[in-house]
Amino acid sequence: GAMALTRRAIETFHRSLREGVSEAEVARAIIEAVENAGGETRRPTLLFGPRTALPHGRPGPYRLERDQPAFTELSGWVHGYAAGLCRSSVLGRHPGAESLHLLAEDALHAAIDAIRQGVTAHEVDAACQGVIKRAGRADAFRHRTGYQKGIMWLDRGNLSIEPGATALLAAGMTFHIPIIL
């Protein structure tokens with residue numbers, strides 16, 4: 001279903017990265033790959049180089065250079081259900097981006113470990129942000145930890161995983177937790 005389309009989109013993202021390719025060209029390749037598989041996707045967030053600092057930037061003419069990071073947030077869609085996913089890559093090496101990626105993975109695991117029925121959204125956020133703060137990189141986290149999601153991705157109610165959030169987590173909730181550093 002939706003996840004198979006998302007997987008195809010991510011595979012296309014990674015295969016399309018080469019020196020000189022533009023964000024817009026990779027976005028078109030992703031959309032075509034998903035449509036050729038009989039699916040649907042929306043225009044992805046897709047950014048290269050210094051533009052990866054934008055949490056929801058639209059793909060444009062910026063061209064990928066050697067040793068630059070690339071970032072995408074996208075989803076395959078089936079009957080209104082979305083399988084959203086964030087992925088990043090580096091064309092070559094970028095120690096700063098690679099270090100942040102490892103930190104984001106640790107923060108994501110801390111958030112997931114904190115998710116259980118009856119805890120507050122704040123507690124999940126605190127687990128995530130605690131990892132980032134202990135690493136001395138609080139300045140790199142300028143986005144909320146995540147949010148509840150449902151059909152049509154945005155039909156999710158009001159639950160946001162952020163500082164001070166008092167909402168209690170319940171069984172059956174689903175979340176999108178894009179740790180963007």
# chains A, B, ... in the order shown; residues from 1 in each chain; ligands from 1
call {"tool": "closest_atom_pairs", "arguments": {"of": "stretch 71-155 of chain A", "to": "stretch 165-172 of chain A", "cutoff": "9 Å", "atoms": "only C-alpha atoms", "output": "JSON lines"}}
result
{"residue": "A:Ile115", "atom": "CA", "partner": "A:Leu169", "partner_atom": "CA", "distance": 7.5}
{"residue": "A:Arg116", "atom": "CA", "partner": "A:Leu169", "partner_atom": "CA", "distance": 6.7}
{"residue": "A:Gln117", "atom": "CA", "partner": "A:Ala170", "partner_atom": "CA", "distance": 4.7}
{"residue": "A:Gly118", "atom": "CA", "partner": "A:Leu169", "partner_atom": "CA", "distance": 5.3}
{"residue": "A:Val119", "atom": "CA", "partner": "A:Leu168", "partner_atom": "CA", "distance": 5.5}
{"residue": "A:Thr120", "atom": "CA", "partner": "A:Leu168", "partner_atom": "CA", "distance": 4.4}
{"residue": "A:Ala121", "atom": "CA", "partner": "A:Ala165", "partner_atom": "CA", "distance": 5.4}
{"residue": "A:His122", "atom": "CA", "partner": "A:Ala165", "partner_atom": "CA", "distance": 4.7}
{"residue": "A:Glu123", "atom": "CA", "partner": "A:Ala165", "partner_atom": "CA", "distance": 8.3}
{"residue": "A:Asp125", "atom": "CA", "partner": "A:Ala165", "partner_atom": "CA", "distance": 8.5}
call {"tool": "residues_around", "arguments": {"residues": "A:Arg144", "least_positions_apart": "5", "cutoff": "10 Å", "atoms": "only C-alpha atoms", "output": "compact mmCIF listing (two decimals) with N, CA, C and O atoms, in the first residue's frame"}}
result
# COMPACT_ATOMS: atom_id res chain seq x y z
N ASP A 125 8.51 14.48 24.41
CA ASP A 125 9.36 15.56 23.92
C ASP A 125 10.61 15.72 24.78
O ASP A 125 11.71 15.87 24.26
N CYS A 128 13.22 13.09 24.02
CA CYS A 128 13.90 13.41 22.76
C CYS A 128 14.88 14.57 22.94
O CYS A 128 16.07 14.45 22.62
N GLN A 129 14.38 15.67 23.45
CA GLN A 129 15.21 16.86 23.59
C GLN A 129 16.34 16.67 24.60
O GLN A 129 17.39 17.29 24.48
N SER A 160 0.25 17.50 19.84
CA SER A 160 1.57 17.87 19.37
C SER A 160 2.58 17.46 20.44
O SER A 160 2.38 17.70 21.62
N ILE A 161 3.66 16.83 20.03
CA ILE A 161 4.71 16.40 20.97
C ILE A 161 5.72 17.54 21.04
O ILE A 161 6.58 17.69 20.18
N GLU A 162 5.54 18.37 22.07
CA GLU A 162 6.35 19.58 22.22
C GLU A 162 6.44 19.96 23.70
O GLU A 162 5.69 19.41 24.52
N PRO A 163 7.33 20.88 24.04
CA PRO A 163 7.46 21.28 25.45
C PRO A 163 6.13 21.77 26.03
O PRO A 163 5.38 22.50 25.38
N ILE A 177 7.31 11.49 13.78
CA ILE A 177 8.36 12.05 14.64
C ILE A 177 9.60 12.32 13.78
O ILE A 177 10.54 11.53 13.75
N PRO A 178 9.59 13.45 13.06
CA PRO A 178 10.72 13.77 12.17
C PRO A 178 11.76 14.59 12.94
O PRO A 178 11.64 15.80 13.05
N ILE A 179 12.76 13.94 13.48
CA ILE A 179 13.79 14.64 14.24
C ILE A 179 14.71 15.34 13.23
O ILE A 179 15.64 14.73 12.69
N ILE A 180 14.41 16.59 12.95
CA ILE A 180 15.13 17.35 11.93
C ILE A 180 16.14 18.25 12.63
O ILE A 180 15.78 19.20 13.32
call {"tool": "atom_distance", "arguments": {"atom1": "atom CA of A:Leu100", "atom2": "atom CA of A:Tyr147"}}
result
21.3 Å
call {"tool": "residues_around", "arguments": {"residues": "stretch 81-94 of chain A", "least_positions_apart": "3", "cutoff": "8 Å", "atoms": "only C-alpha atoms", "output": "PyMOL selection string"}}
result
chain A and resi 2-3+6+10+14+17-19+65-78+97-98+150-153+176+178
call {"tool": "atom_distance", "arguments": {"atom1": "atom CA of A:Ser16", "atom2": "atom CA of A:His109"}}
result
28.6 Å
call {"tool": "closest_residue", "arguments": {"among": "A:Ala107, A:Ile132, A:Val26, A:Val34", "to": "A:Pro61", "atoms": "only C-alpha atoms"}}
result
A:Val26
call {"tool": "select_by_dssp", "arguments": {"residues": "stretch 25-106 of chain A", "states": "strand (DSSP E)", "output": "ChimeraX atom specification"}}
result
/A:40-41,45-48,68-78,81-91
call {"tool": "write_last_selection", "arguments": {"atoms": "C-alpha atoms", "output": "PDB file, in the first residue's frame"}}
result
ATOM      1  CA  GLU A  40       0.042   8.931  -5.762  1.00  0.00           C
ATOM      2  CA  THR A  41       2.353  11.282  -3.914  1.00  0.00           C
ATOM      3  CA  THR A  45       9.965  18.460   0.780  1.00  0.00           C
ATOM      4  CA  LEU A  46      13.338  18.057  -0.901  1.00  0.00           C
ATOM      5  CA  LEU A  47      16.404  20.168  -0.135  1.00  0.00           C
ATOM      6  CA  PHE A  48      20.150  20.107  -0.780  1.00  0.00           C
ATOM      7  CA  GLN A  68      26.649  18.158   0.554  1.00  0.00           C
ATOM      8  CA  PRO A  69      23.688  16.679   2.426  1.00  0.00           C
ATOM      9  CA  ALA A  70      20.301  16.026   0.834  1.00  0.00           C
ATOM     10  CA  PHE A  71      17.005  15.766   2.741  1.00  0.00           C
ATOM     11  CA  THR A  72      13.478  14.713   1.848  1.00  0.00           C
ATOM     12  CA  GLU A  73      10.173  14.297   3.642  1.00  0.00           C
ATOM     13  CA  LEU A  74       7.579  12.550   1.524  1.00  0.00           C
ATOM     14  CA  SER A  75       4.780  10.032   1.452  1.00  0.00           C
ATOM     15  CA  GLY A  76       3.060   7.553  -0.776  1.00  0.00           C
ATOM     16  CA  TRP A  77      -0.726   7.771  -0.591  1.00  0.00           C
ATOM     17  CA  VAL A  78      -3.400   5.082  -0.974  1.00  0.00           C
ATOM     18  CA  TYR A  81      -3.737   7.003   3.883  1.00  0.00           C
ATOM     19  CA  ALA A  82      -0.211   8.387   3.912  1.00  0.00           C
ATOM     20  CA  ALA A  83       3.017   6.680   4.933  1.00  0.00           C
ATOM     21  CA  GLY A  84       5.179   9.714   5.716  1.00  0.00           C
ATOM     22  CA  LEU A  85       8.926   9.382   6.032  1.00  0.00           C
ATOM     23  CA  CYS A  86      12.008  11.600   6.341  1.00  0.00           C
ATOM     24  CA  ARG A  87      15.327  10.523   4.878  1.00  0.00           C
ATOM     25  CA  SER A  88      18.681  12.138   4.323  1.00  0.00           C
ATOM     26  CA  SER A  89      21.825  11.323   2.426  1.00  0.00           C
ATOM     27  CA  VAL A  90      25.237  12.809   1.723  1.00  0.00           C
ATOM     28  CA  LEU A  91      26.856  12.890  -1.692  1.00  0.00           C
TER      29      LEU A  91
END
call {"tool": "closest_residue", "arguments": {"among": "A:Ala53, A:Leu5, A:Met173, A:Val124", "to": "A:Ile31", "atoms": "only C-alpha atoms"}}
result
A:Leu5
call {"tool": "select_by_dssp", "arguments": {"residues": "stretch 26-146 of chain A", "states": "helix (DSSP H, G or I)", "output": "PyMOL selection string"}}
result
chain A and resi 26-36+49-53+95-114+121-134+138-140
call {"tool": "atom_distance", "arguments": {"atom1": "atom CA of A:Asp106", "atom2": "atom CA of A:His56"}}
result
22.1 Å
call {"tool": "decode", "arguments": {"residues": "stretch 46-73 of chain A", "atoms": "N, CA and C atoms", "output": "CSV table (one decimal), in the first residue's frame"}}
result
chain,number,residue,atom,x,y,z
A,46,LEU,N,12.1,18.6,-0.4
A,46,LEU,CA,13.3,18.1,-0.9
A,46,LEU,C,14.3,19.2,-1.0
A,47,LEU,N,15.4,19.1,-0.3
A,47,LEU,CA,16.4,20.2,-0.1
A,47,LEU,C,17.8,19.6,-0.2
A,48,PHE,N,18.7,20.5,-0.7
A,48,PHE,CA,20.1,20.1,-0.8
A,48,PHE,C,21.0,21.2,-0.1
A,49,GLY,N,22.2,20.8,0.4
A,49,GLY,CA,23.2,21.7,0.9
A,49,GLY,C,22.7,22.5,2.0
A,50,PRO,N,23.0,23.8,2.0
A,50,PRO,CA,22.6,24.7,3.1
A,50,PRO,C,21.0,24.8,3.3
A,51,ARG,N,20.3,24.5,2.2
A,51,ARG,CA,18.8,24.6,2.3
A,51,ARG,C,18.2,23.5,3.1
A,52,THR,N,19.0,22.5,3.5
A,52,THR,CA,18.5,21.4,4.4
A,52,THR,C,18.1,21.9,5.8
A,53,ALA,N,18.5,23.2,6.1
A,53,ALA,CA,18.2,23.8,7.4
A,53,ALA,C,16.7,24.2,7.4
A,54,LEU,N,16.0,24.2,6.2
A,54,LEU,CA,14.6,24.6,6.2
A,54,LEU,C,13.8,23.4,6.5
A,55,PRO,N,12.9,23.4,7.5
A,55,PRO,CA,12.1,22.2,7.8
A,55,PRO,C,11.1,21.8,6.7
A,56,HIS,N,10.6,22.7,5.9
A,56,HIS,CA,9.6,22.3,5.0
A,56,HIS,C,9.8,23.0,3.6
A,57,GLY,N,11.0,23.1,3.1
A,57,GLY,CA,11.2,23.8,1.9
A,57,GLY,C,10.8,23.0,0.7
A,58,ARG,N,10.4,23.8,-0.3
A,58,ARG,CA,9.9,23.2,-1.6
A,58,ARG,C,11.2,23.0,-2.5
A,59,PRO,N,11.2,22.0,-3.3
A,59,PRO,CA,12.3,21.8,-4.2
A,59,PRO,C,12.4,22.9,-5.2
A,60,GLY,N,13.6,23.3,-5.5
A,60,GLY,CA,13.8,24.4,-6.5
A,60,GLY,C,15.0,24.1,-7.4
A,61,PRO,N,15.6,25.1,-7.9
A,61,PRO,CA,16.7,25.0,-8.9
A,61,PRO,C,18.1,24.7,-8.2
A,62,TYR,N,18.2,24.7,-6.9
A,62,TYR,CA,19.4,24.5,-6.2
A,62,TYR,C,20.0,23.1,-6.7
A,63,ARG,N,21.3,23.1,-7.1
A,63,ARG,CA,22.0,21.9,-7.5
A,63,ARG,C,22.9,21.3,-6.5
A,64,LEU,N,22.9,20.0,-6.4
A,64,LEU,CA,23.7,19.3,-5.4
A,64,LEU,C,25.1,19.3,-5.8
A,65,GLU,N,26.0,19.6,-4.8
A,65,GLU,CA,27.4,19.5,-5.0
A,65,GLU,C,28.0,18.4,-4.2
A,66,ARG,N,29.2,18.0,-4.5
A,66,ARG,CA,29.9,17.0,-3.8
A,66,ARG,C,30.0,17.4,-2.3
A,67,ASP,N,29.9,16.4,-1.4
A,67,ASP,CA,30.1,16.6,0.0
A,67,ASP,C,29.0,17.5,0.6
A,68,GLN,N,27.8,17.4,0.0
A,68,GLN,CA,26.6,18.2,0.6
A,68,GLN,C,25.6,17.2,1.0
A,69,PRO,N,24.8,17.5,2.0
A,69,PRO,CA,23.7,16.7,2.4
A,69,PRO,C,22.5,16.9,1.5
A,70,ALA,N,21.6,15.9,1.5
A,70,ALA,CA,20.3,16.0,0.8
A,70,ALA,C,19.2,15.5,1.8
A,71,PHE,N,18.1,16.1,1.8
A,71,PHE,CA,17.0,15.8,2.7
A,71,PHE,C,15.7,15.7,2.0
A,72,THR,N,14.8,14.8,2.4
A,72,THR,CA,13.5,14.7,1.8
A,72,THR,C,12.5,14.3,2.9
A,73,GLU,N,11.3,14.8,2.8
A,73,GLU,CA,10.2,14.3,3.6
A,73,GLU,C,9.1,14.1,2.6
